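Chemist: Before I ask anything, here is the structure I am working with.
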Amino acid sequence: MATTAYRQLYLLQKLLHQPVVTKAELVDHFQVSARAVQRDFSDLRQFLSDEDVLYQLTYQPQLGGYTLHLDQSRLSQTAVLVLIKILLSSRALNPTELTQSVDSLLDLMPSADAQKIKRLINNEKRDYVPVAHRKPLLGRLWQLSNAITQHATLRLHYQRADHTYRDQTILPAALIFSEYYFYVIAFGNTFTGARFFRVDRIATCQRAPQALPNPRRSVADGQLRRVLHYMQPGQLTTITFEFWGVVEAALDRFPRHTVKAPRTQTHGTLIEIQAYDVGAKMWLLSQGTLVKVLSPASFVTAFRAELAQMMAHY
């Protein structure tokens with residue numbers, strides 16, 4: 001005879017793989033009493049409640065059995081909490097827009113649930129420190145999003161990294177968030193390929209009187225994110241290096257990777273990546289003695305030159 005634990009595991013498996021489970025089929029399968037099967041259902045319901053699992057076990061009279069389904073209200077609570085946590089950790093919005101965004105998310109929930117989440121995020125929200133520019137972004141992001149969907153040409157008055165301003169006509173293609181900042185990826189008639197413009201540096205933005213021709217090239221921002229780091233394009237390069245740090249840190253940083261050889265007593269984990277070289281070099285340099293770059297030769301030369309210039313400061 002099957003043990004109680006086995007029956008309950010079997011019950012959970014059935015509930016996960018078929019719409020309705022009846023007491024009769026379990027009584028017949030295990031040759032036990034209806035009371036024993038009812039206890040199995042009760043114990044499973046109690047387990048889901050005690051362990052805070054995002055499923056509900058419900059008896060459906062019209063179906064004559066039990067169903068297991070996701071608790072959508074609790075799932076929504078979890079989703080809202082995750083979104084707020086991401087907003088807080090991004091530091092991208094100024095305090096006013098952060099509060100607006102958090103309050104908008106909390107307004108989607110019943111008051112009691114919203115109060116629970118407020119208590120969970122209270123300290124983090126109170127100590128929130130945005131990035132230095134503190135400029136409003138939500139309106140500009142919506143304006144750029146509309147321009148992307150409408151294939152509209154825009155005229156920007158844009159502040160460059162050296163704090164000078166330049167007027168630039170662009171055809172925006174995608175929005176991307178990376179390392180605290182939002183960027184618009186765009187094509188133009190004064191530069192080749194796609195360029196990145198930091199959204200907070202756009203002083204003014206309006207429809208251009210003349211439209212730029214559509215290059216009929218889309219920007220696969222999801223794929224771009226796999227190879228682009230610190231929004232530094234450079235050249236897409238295959239790079240190999242030895243790594244003595246926590247391997248997951250390198251693999252998570254470079255999604256397009258291959259582990260060529262595991263770590264040994266004399267060598268670090270051998271990793272091959274595909275990434276844009278400038279951003280990859282910045283991250284690899286940040287790892288100090290945990291990294292040894294092996295190829296390509298041109299990248300190794302650039303890496304050594306950067307290290308020499310760093311040493312020259314000391």
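Letters A, B, ... mark the chains of the structure tokens in the order given; residue numbers begin at 1 per chain; ligand numbers begin at 1, in order shown.
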Fewer than 4 positions away in the same chain doesn't count, so skip those; otherwise give me all residues within 8 Å of Gln56 of chain A, counting only C-alpha atoms, as a count of residues only.
Modeler: 6
Chemist: What are the nearest atom pairs, with distances in Å to one decimal, for all residues of segment 22-123 of chain A that come at most 9 Å from segment 1-13 of chain A, using only C-alpha atoms, set out by chain and rising residue number as CSV?
Modeler:
```
residue,atom,partner,partner_atom,distance
A:Leu26,CA,A:Leu11,CA,8.0
A:Phe30,CA,A:Ala2,CA,7.0
A:Gln31,CA,A:Met1,CA,8.3
A:Val32,CA,A:Met1,CA,8.8
A:Ala36,CA,A:Thr4,CA,8.6
A:Val37,CA,A:Arg7,CA,8.4
A:Asp40,CA,A:Gln8,CA,5.8
A:Phe41,CA,A:Gln8,CA,7.8
A:Asp43,CA,A:Gln8,CA,8.2
A:Leu44,CA,A:Gln8,CA,7.0
A:Leu68,CA,A:Leu12,CA,8.7
```
Chemist: Restricting the output to all heavy atoms, write the selected residues as an mmCIF file, in the first residue's frame.
Modeler:
```cif
data_model
loop_
_atom_site.group_PDB
_atom_site.id
_atom_site.type_symbol
_atom_site.label_atom_id
_atom_site.label_comp_id
_atom_site.auth_asym_id
_atom_site.auth_seq_id
_atom_site.Cartn_x
_atom_site.Cartn_y
_atom_site.Cartn_z
ATOM 1 N N LEU A 26 -8.906 8.666 -7.140
ATOM 2 C CA LEU A 26 -7.812 8.378 -6.218
ATOM 3 C C LEU A 26 -8.155 7.196 -5.308
ATOM 4 O O LEU A 26 -7.290 6.377 -4.988
ATOM 5 C CB LEU A 26 -7.489 9.611 -5.379
ATOM 6 C CG LEU A 26 -6.951 10.813 -6.168
ATOM 7 C CD1 LEU A 26 -6.788 12.012 -5.264
ATOM 8 C CD2 LEU A 26 -5.629 10.477 -6.842
ATOM 9 N N PHE A 30 -5.669 3.971 -5.447
ATOM 10 C CA PHE A 30 -4.874 3.533 -4.290
ATOM 11 C C PHE A 30 -5.604 2.499 -3.419
ATOM 12 O O PHE A 30 -5.007 1.966 -2.482
ATOM 13 C CB PHE A 30 -4.508 4.752 -3.431
ATOM 14 C CG PHE A 30 -3.466 5.636 -4.056
ATOM 15 C CD1 PHE A 30 -3.794 6.901 -4.525
ATOM 16 C CD2 PHE A 30 -2.160 5.201 -4.186
ATOM 17 C CE1 PHE A 30 -2.836 7.717 -5.106
ATOM 18 C CE2 PHE A 30 -1.192 6.015 -4.760
ATOM 19 C CZ PHE A 30 -1.533 7.284 -5.220
ATOM 20 N N GLN A 31 -6.884 2.271 -3.735
ATOM 21 C CA GLN A 31 -7.662 1.316 -2.939
ATOM 22 C C GLN A 31 -7.646 1.692 -1.452
ATOM 23 O O GLN A 31 -7.360 0.883 -0.568
ATOM 24 C CB GLN A 31 -7.122 -0.101 -3.134
ATOM 25 C CG GLN A 31 -7.308 -0.645 -4.547
ATOM 26 C CD GLN A 31 -8.784 -0.765 -4.938
ATOM 27 O OE1 GLN A 31 -9.556 -1.496 -4.291
ATOM 28 N NE2 GLN A 31 -9.191 -0.039 -5.975
ATOM 29 N N VAL A 32 -7.945 2.969 -1.198
ATOM 30 C CA VAL A 32 -8.058 3.469 0.179
ATOM 31 C C VAL A 32 -9.436 4.088 0.334
ATOM 32 O O VAL A 32 -10.195 4.246 -0.625
ATOM 33 C CB VAL A 32 -6.962 4.499 0.500
ATOM 34 C CG1 VAL A 32 -5.575 3.857 0.480
ATOM 35 C CG2 VAL A 32 -7.023 5.676 -0.476
ATOM 36 N N ALA A 36 -9.551 8.927 3.696
ATOM 37 C CA ALA A 36 -8.100 9.076 3.573
ATOM 38 C C ALA A 36 -7.749 10.032 2.431
ATOM 39 O O ALA A 36 -6.856 10.878 2.558
ATOM 40 C CB ALA A 36 -7.456 7.721 3.345
ATOM 41 N N VAL A 37 -8.471 9.906 1.311
ATOM 42 C CA VAL A 37 -8.207 10.795 0.186
ATOM 43 C C VAL A 37 -8.584 12.229 0.532
ATOM 44 O O VAL A 37 -7.879 13.179 0.173
ATOM 45 C CB VAL A 37 -8.975 10.311 -1.065
ATOM 46 C CG1 VAL A 37 -8.894 11.356 -2.179
ATOM 47 C CG2 VAL A 37 -8.421 8.986 -1.546
ATOM 48 N N ASP A 40 -5.855 13.775 2.330
ATOM 49 C CA ASP A 40 -4.767 14.149 1.419
ATOM 50 C C ASP A 40 -5.032 15.521 0.800
ATOM 51 O O ASP A 40 -4.129 16.365 0.711
ATOM 52 C CB ASP A 40 -4.608 13.103 0.316
ATOM 53 C CG ASP A 40 -4.088 11.779 0.848
ATOM 54 O OD1 ASP A 40 -3.500 11.773 1.944
ATOM 55 O OD2 ASP A 40 -4.273 10.745 0.152
ATOM 56 N N PHE A 41 -6.268 15.740 0.341
ATOM 57 C CA PHE A 41 -6.614 17.044 -0.224
ATOM 58 C C PHE A 41 -6.470 18.143 0.835
ATOM 59 O O PHE A 41 -5.926 19.218 0.557
ATOM 60 C CB PHE A 41 -8.048 17.028 -0.763
ATOM 61 C CG PHE A 41 -8.182 16.442 -2.133
ATOM 62 C CD1 PHE A 41 -8.789 15.201 -2.324
ATOM 63 C CD2 PHE A 41 -7.712 17.116 -3.246
ATOM 64 C CE1 PHE A 41 -8.915 14.660 -3.588
ATOM 65 C CE2 PHE A 41 -7.845 16.577 -4.518
ATOM 66 C CZ PHE A 41 -8.444 15.347 -4.694
ATOM 67 N N ASP A 43 -4.594 18.162 3.553
ATOM 68 C CA ASP A 43 -3.186 18.375 3.884
ATOM 69 C C ASP A 43 -2.479 19.176 2.796
ATOM 70 O O ASP A 43 -1.650 20.049 3.083
ATOM 71 C CB ASP A 43 -2.476 17.035 4.073
ATOM 72 C CG ASP A 43 -2.891 16.326 5.357
ATOM 73 O OD1 ASP A 43 -3.523 16.985 6.217
ATOM 74 O OD2 ASP A 43 -2.598 15.120 5.478
ATOM 75 N N LEU A 44 -2.814 18.889 1.534
ATOM 76 C CA LEU A 44 -2.194 19.631 0.439
ATOM 77 C C LEU A 44 -2.620 21.097 0.468
ATOM 78 O O LEU A 44 -1.798 22.004 0.282
ATOM 79 C CB LEU A 44 -2.569 18.996 -0.904
ATOM 80 C CG LEU A 44 -2.013 19.707 -2.155
ATOM 81 C CD1 LEU A 44 -0.490 19.787 -2.106
ATOM 82 C CD2 LEU A 44 -2.472 18.986 -3.423
ATOM 83 N N LEU A 68 -6.323 22.972 -9.395
ATOM 84 C CA LEU A 68 -5.197 23.735 -8.863
ATOM 85 C C LEU A 68 -4.925 24.870 -9.837
ATOM 86 O O LEU A 68 -4.734 24.640 -11.025
ATOM 87 C CB LEU A 68 -3.959 22.830 -8.753
ATOM 88 C CG LEU A 68 -2.745 23.396 -8.014
ATOM 89 C CD1 LEU A 68 -3.040 23.558 -6.526
ATOM 90 C CD2 LEU A 68 -1.538 22.477 -8.203
#
```
Chemist: Which residues in segment 1-132 of chain A does DSSP call helix (DSSP H, G or I)? List them as a ChimeraX atom specification.
Modeler: /A:4-17,23-30,34-50,72-90,95-106,111-126
Chemist: Tell me, as a VMD selection string, which residues lie within 7 Å of segment 275-280 of chain A, counting only C-alpha atoms; anything in the same chain fewer than 3 positions away does not count.
Modeler: chain A and resid 227 to 238 283 to 284
Chemist: Go ahead and save the residues from that selection, with all heavy atoms, as a JSON list (two decimals), in the first residue's frame.
Modeler:
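Wrote result-v7.json, looks like this:
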```
[["chain", "number", "residue", "atom", "x", "y", "z"],
["A", 227, "VAL", "N", 25.40, 41.61, -26.05],
["A", 227, "VAL", "CA", 26.79, 41.85, -26.45],
["A", 227, "VAL", "C", 27.27, 43.25, -26.15],
["A", 227, "VAL", "O", 28.45, 43.56, -26.33],
["A", 227, "VAL", "CB", 26.98, 41.56, -27.96],
["A", 227, "VAL", "CG1", 26.78, 40.09, -28.26],
["A", 227, "VAL", "CG2", 26.02, 42.40, -28.81],
["A", 228, "LEU", "N", 26.39, 44.12, -25.67],
["A", 228, "LEU", "CA", 26.73, 45.53, -25.43],
["A", 228, "LEU", "C", 26.83, 45.78, -23.94],
["A", 228, "LEU", "O", 25.94, 45.40, -23.18],
["A", 228, "LEU", "CB", 25.65, 46.42, -26.05],
["A", 228, "LEU", "CG", 25.89, 47.92, -26.03],
["A", 228, "LEU", "CD1", 27.04, 48.27, -26.98],
["A", 228, "LEU", "CD2", 24.63, 48.66, -26.44],
["A", 229, "HIS", "N", 27.92, 46.43, -23.51],
["A", 229, "HIS", "CA", 28.13, 46.69, -22.09],
["A", 229, "HIS", "C", 28.53, 48.15, -21.88],
["A", 229, "HIS", "O", 29.34, 48.69, -22.63],
["A", 229, "HIS", "CB", 29.20, 45.75, -21.54],
["A", 229, "HIS", "CG", 28.83, 44.31, -21.71],
["A", 229, "HIS", "ND1", 29.13, 43.61, -22.86],
["A", 229, "HIS", "CD2", 28.15, 43.46, -20.91],
["A", 229, "HIS", "CE1", 28.66, 42.38, -22.75],
["A", 229, "HIS", "NE2", 28.07, 42.26, -21.59],
["A", 230, "TYR", "N", 27.94, 48.75, -20.86],
["A", 230, "TYR", "CA", 28.19, 50.16, -20.52],
["A", 230, "TYR", "C", 27.88, 51.07, -21.70],
["A", 230, "TYR", "O", 28.43, 52.16, -21.80],
["A", 230, "TYR", "CB", 29.64, 50.36, -20.06],
["A", 230, "TYR", "CG", 30.06, 49.47, -18.92],
["A", 230, "TYR", "CD1", 31.04, 48.51, -19.08],
["A", 230, "TYR", "CD2", 29.45, 49.58, -17.67],
["A", 230, "TYR", "CE1", 31.41, 47.67, -18.03],
["A", 230, "TYR", "CE2", 29.81, 48.75, -16.62],
["A", 230, "TYR", "CZ", 30.79, 47.81, -16.81],
["A", 230, "TYR", "OH", 31.15, 46.99, -15.77],
["A", 231, "MET", "N", 27.03, 50.62, -22.60],
["A", 231, "MET", "CA", 26.62, 51.39, -23.78],
["A", 231, "MET", "C", 27.83, 51.89, -24.57],
["A", 231, "MET", "O", 27.85, 53.00, -25.08],
["A", 231, "MET", "CB", 25.72, 52.55, -23.36],
["A", 231, "MET", "CG", 24.42, 52.11, -22.71],
["A", 231, "MET", "SD", 23.49, 50.89, -23.68],
["A", 231, "MET", "CE", 22.99, 51.86, -25.09],
["A", 232, "GLN", "N", 28.84, 51.04, -24.68],
["A", 232, "GLN", "CA", 30.04, 51.34, -25.45],
["A", 232, "GLN", "C", 30.08, 50.37, -26.64],
["A", 232, "GLN", "O", 30.39, 49.19, -26.46],
["A", 232, "GLN", "CB", 31.29, 51.16, -24.59],
["A", 232, "GLN", "CG", 31.32, 52.03, -23.35],
["A", 232, "GLN", "CD", 31.52, 53.49, -23.69],
["A", 232, "GLN", "OE1", 32.16, 53.84, -24.68],
["A", 232, "GLN", "NE2", 30.96, 54.37, -22.87],
["A", 233, "PRO", "N", 29.77, 50.83, -27.86],
["A", 233, "PRO", "CA", 29.63, 49.90, -28.99],
["A", 233, "PRO", "C", 30.95, 49.26, -29.42],
["A", 233, "PRO", "O", 31.14, 48.08, -29.27],
["A", 233, "PRO", "CB", 29.02, 50.76, -30.09],
["A", 233, "PRO", "CG", 29.34, 52.17, -29.72],
["A", 233, "PRO", "CD", 29.40, 52.21, -28.22],
["A", 234, "GLY", "N", 31.90, 50.05, -29.94],
["A", 234, "GLY", "CA", 33.16, 49.47, -30.41],
["A", 234, "GLY", "C", 32.94, 48.47, -31.52],
["A", 234, "GLY", "O", 32.05, 48.61, -32.36],
["A", 235, "GLN", "N", 33.73, 47.38, -31.51],
["A", 235, "GLN", "CA", 33.65, 46.33, -32.52],
["A", 235, "GLN", "C", 33.20, 45.03, -31.87],
["A", 235, "GLN", "O", 33.69, 44.65, -30.80],
["A", 235, "GLN", "CB", 35.01, 46.12, -33.18],
["A", 235, "GLN", "CG", 35.53, 47.33, -33.95],
["A", 235, "GLN", "CD", 34.67, 47.66, -35.15],
["A", 235, "GLN", "OE1", 34.19, 46.75, -35.86],
["A", 235, "GLN", "NE2", 34.46, 48.94, -35.41],
["A", 236, "LEU", "N", 32.29, 44.33, -32.52],
["A", 236, "LEU", "CA", 31.86, 43.03, -32.02],
["A", 236, "LEU", "C", 33.02, 42.06, -32.17],
["A", 236, "LEU", "O", 33.52, 41.84, -33.27],
["A", 236, "LEU", "CB", 30.63, 42.54, -32.77],
["A", 236, "LEU", "CG", 29.99, 41.26, -32.25],
["A", 236, "LEU", "CD1", 29.50, 41.43, -30.82],
["A", 236, "LEU", "CD2", 28.82, 40.86, -33.15],
["A", 237, "THR", "N", 33.46, 41.48, -31.05],
["A", 237, "THR", "CA", 34.70, 40.71, -31.03],
["A", 237, "THR", "C", 34.52, 39.43, -30.24],
["A", 237, "THR", "O", 33.77, 39.39, -29.26],
["A", 237, "THR", "CB", 35.83, 41.55, -30.37],
["A", 237, "THR", "OG1", 35.90, 42.83, -31.00],
["A", 237, "THR", "CG2", 37.18, 40.86, -30.48],
["A", 238, "THR", "N", 35.22, 38.38, -30.65],
["A", 238, "THR", "CA", 35.30, 37.15, -29.87],
["A", 238, "THR", "C", 36.54, 37.23, -28.99],
["A", 238, "THR", "O", 37.66, 37.38, -29.50],
["A", 238, "THR", "CB", 35.37, 35.92, -30.77],
["A", 238, "THR", "OG1", 34.18, 35.86, -31.58],
["A", 238, "THR", "CG2", 35.46, 34.64, -29.94],
["A", 283, "TRP", "N", 34.76, 46.16, -18.36],
["A", 283, "TRP", "CA", 34.39, 45.22, -17.30],
["A", 283, "TRP", "C", 35.57, 44.34, -16.91],
["A", 283, "TRP", "O", 35.81, 44.11, -15.72],
["A", 283, "TRP", "CB", 33.23, 44.33, -17.73],
["A", 283, "TRP", "CG", 32.76, 43.47, -16.59],
["A", 283, "TRP", "CD1", 31.86, 43.82, -15.62],
["A", 283, "TRP", "CD2", 33.17, 42.13, -16.30],
["A", 283, "TRP", "NE1", 31.70, 42.78, -14.73],
["A", 283, "TRP", "CE2", 32.49, 41.73, -15.12],
["A", 283, "TRP", "CE3", 34.05, 41.24, -16.91],
["A", 283, "TRP", "CZ2", 32.66, 40.47, -14.55],
["A", 283, "TRP", "CZ3", 34.23, 39.99, -16.33],
["A", 283, "TRP", "CH2", 33.53, 39.61, -15.17],
["A", 284, "LEU", "N", 36.31, 43.86, -17.88],
["A", 284, "LEU", "CA", 37.44, 42.99, -17.59],
["A", 284, "LEU", "C", 38.49, 43.72, -16.75],
["A", 284, "LEU", "O", 39.06, 43.15, -15.82],
["A", 284, "LEU", "CB", 38.06, 42.47, -18.89],
["A", 284, "LEU", "CG", 37.17, 41.48, -19.67],
["A", 284, "LEU", "CD1", 37.72, 41.28, -21.08],
["A", 284, "LEU", "CD2", 37.07, 40.15, -18.95]]
```
Chemist: Just the number, please: distance in Å from atom CA of Pro172 of chain A to atom CA of Ile148 of chain A, one decimal.
Modeler: 5.5 Å
Chemist: For Phe177 of chain A, list every protein, DNA or RNA residue within 12 Å, evaluated using only C-alpha atoms, and leave out those in the same chain fewer than 5 positions away; present the list as a ChimeraX atom specification.
Modeler: /A:86-87,90-93,141,182-185,196-200,221-222,224-225,228-231
Chemist: Would you output that residue set with N, CA and C atoms, as a compact mmCIF listing (two decimals), in the first residue's frame?
Modeler:
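Below is the file that was written, result.txt:
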```
# COMPACT_ATOMS: atom_id res chain seq x y z
N ILE A 86 12.82 46.81 -8.62
CA ILE A 86 13.67 47.12 -9.76
C ILE A 86 13.77 48.62 -9.97
N LEU A 87 12.66 49.33 -9.84
CA LEU A 87 12.68 50.79 -9.95
C LEU A 87 13.62 51.42 -8.93
N SER A 90 17.31 50.68 -9.73
CA SER A 90 17.81 51.29 -10.97
C SER A 90 18.33 52.70 -10.73
N ARG A 91 17.74 53.43 -9.78
CA ARG A 91 18.10 54.82 -9.47
C ARG A 91 17.88 55.75 -10.66
N ALA A 92 17.11 55.33 -11.65
CA ALA A 92 17.00 56.07 -12.90
C ALA A 92 16.08 57.28 -12.81
N LEU A 93 15.06 57.23 -11.96
CA LEU A 93 14.05 58.29 -11.90
C LEU A 93 14.35 59.25 -10.75
N LEU A 141 10.45 59.82 -22.34
CA LEU A 141 10.44 58.41 -22.75
C LEU A 141 9.19 58.08 -23.54
N PHE A 182 18.71 55.68 -19.38
CA PHE A 182 17.96 55.30 -20.57
C PHE A 182 18.65 55.88 -21.80
N TYR A 183 18.66 55.10 -22.87
CA TYR A 183 19.25 55.53 -24.14
C TYR A 183 18.24 55.32 -25.26
N VAL A 184 18.29 56.21 -26.25
CA VAL A 184 17.56 55.98 -27.48
C VAL A 184 18.58 55.60 -28.54
N ILE A 185 18.33 54.52 -29.24
CA ILE A 185 19.19 54.07 -30.34
C ILE A 185 18.57 54.60 -31.63
N PHE A 196 23.89 55.93 -30.01
CA PHE A 196 23.19 55.92 -28.74
C PHE A 196 23.15 57.35 -28.18
N PHE A 197 21.97 57.78 -27.77
CA PHE A 197 21.81 59.10 -27.17
C PHE A 197 21.19 58.92 -25.79
N ARG A 198 21.87 59.45 -24.76
CA ARG A 198 21.34 59.34 -23.41
C ARG A 198 20.14 60.24 -23.26
N VAL A 199 19.04 59.70 -22.81
CA VAL A 199 17.78 60.43 -22.82
C VAL A 199 17.84 61.66 -21.92
N ASP A 200 18.51 61.58 -20.77
CA ASP A 200 18.56 62.73 -19.86
C ASP A 200 19.37 63.88 -20.43
N ASP A 221 16.98 45.10 -29.94
CA ASP A 221 17.53 45.55 -28.67
C ASP A 221 17.75 44.40 -27.70
N GLY A 222 16.92 43.35 -27.78
CA GLY A 222 17.13 42.20 -26.90
C GLY A 222 18.44 41.50 -27.21
N LEU A 224 20.97 42.94 -28.85
CA LEU A 224 22.03 43.91 -28.60
C LEU A 224 22.47 43.88 -27.14
N ARG A 225 21.50 43.72 -26.25
CA ARG A 225 21.81 43.71 -24.82
C ARG A 225 22.77 42.57 -24.46
N LEU A 228 26.39 44.12 -25.67
CA LEU A 228 26.73 45.53 -25.43
C LEU A 228 26.83 45.78 -23.94
N HIS A 229 27.92 46.43 -23.51
CA HIS A 229 28.13 46.69 -22.09
C HIS A 229 28.53 48.15 -21.88
N TYR A 230 27.94 48.75 -20.86
CA TYR A 230 28.19 50.16 -20.52
C TYR A 230 27.88 51.07 -21.70
N MET A 231 27.03 50.62 -22.60
CA MET A 231 26.62 51.39 -23.78
C MET A 231 27.83 51.89 -24.57
```
Chemist: Show which residues sit within 7 Å of segment 19-21 of chain A, as number ranges by chain. Count only C-alpha atoms, and ignore same-chain residues fewer than 2 positions away.
Modeler: A: 14-15, 17, 23, 65-67
Chemist: Quick one: everything within 8 Å of segment 293-297 of chain A, counting only C-alpha atoms, minus sequence neighbours fewer than 3 positions away in the same chain. Send it as a list in words.
Modeler: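 The contact residues come out as Thr238, Ile239, Thr240, Phe241, Glu242, Val300, Thr301 and Phe303 of chain A.
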Chemist: Could you name the residues that touch segment 160-170 of chain A at 10 Å or less, counting only C-alpha atoms, but leaving out those on the same chain fewer than 4 positions away, as a list in words?
Modeler: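 Selected residues are Ala152, Thr153, Leu154, Arg155, Leu156, Val184, Ile185, Ala186, Phe187, Gly188, Asn189, Thr190, Phe191, Ala194, Arg195, Phe197, Arg198, Arg201, Ile202, Ala203, Thr204, Cys205, Gln206, Arg207, Ala208, Pro209, Gln210, Ala211 and Leu212 of chain A.
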Chemist: Report the distance between atom CA of Thr289 of chain A and atom CA of Trp244 of chain A in Å, rounded to one decimal place.
Modeler: 8.2 Å
Chemist: Rank nothing, just name the residue among A:Ser89, A:Leu144, A:Ala112, A:Leu106 nearest to Tyr128 of chain A, using only C-alpha atoms.
Modeler: A:Ser89
Chemist: Using the chain letters and numbers from this document, which residues of segment 117-304 of chain A does DSSP assign to strand (DSSP E or B), as an MDAnalysis selection string?
Modeler: chainID A and resid 154:159 165:178 181:188 195:198 202:207 229 232 236:243 257:261 269:276 291:295
Chemist: Report the distance between atom CA of Val102 of chain A and atom CA of Val53 of chain A in Å, rounded to one decimal place.
Modeler: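 Straight-line distance from atom CA of Val102 of chain A to atom CA of Val53 of chain A works out to 25.2 Å.
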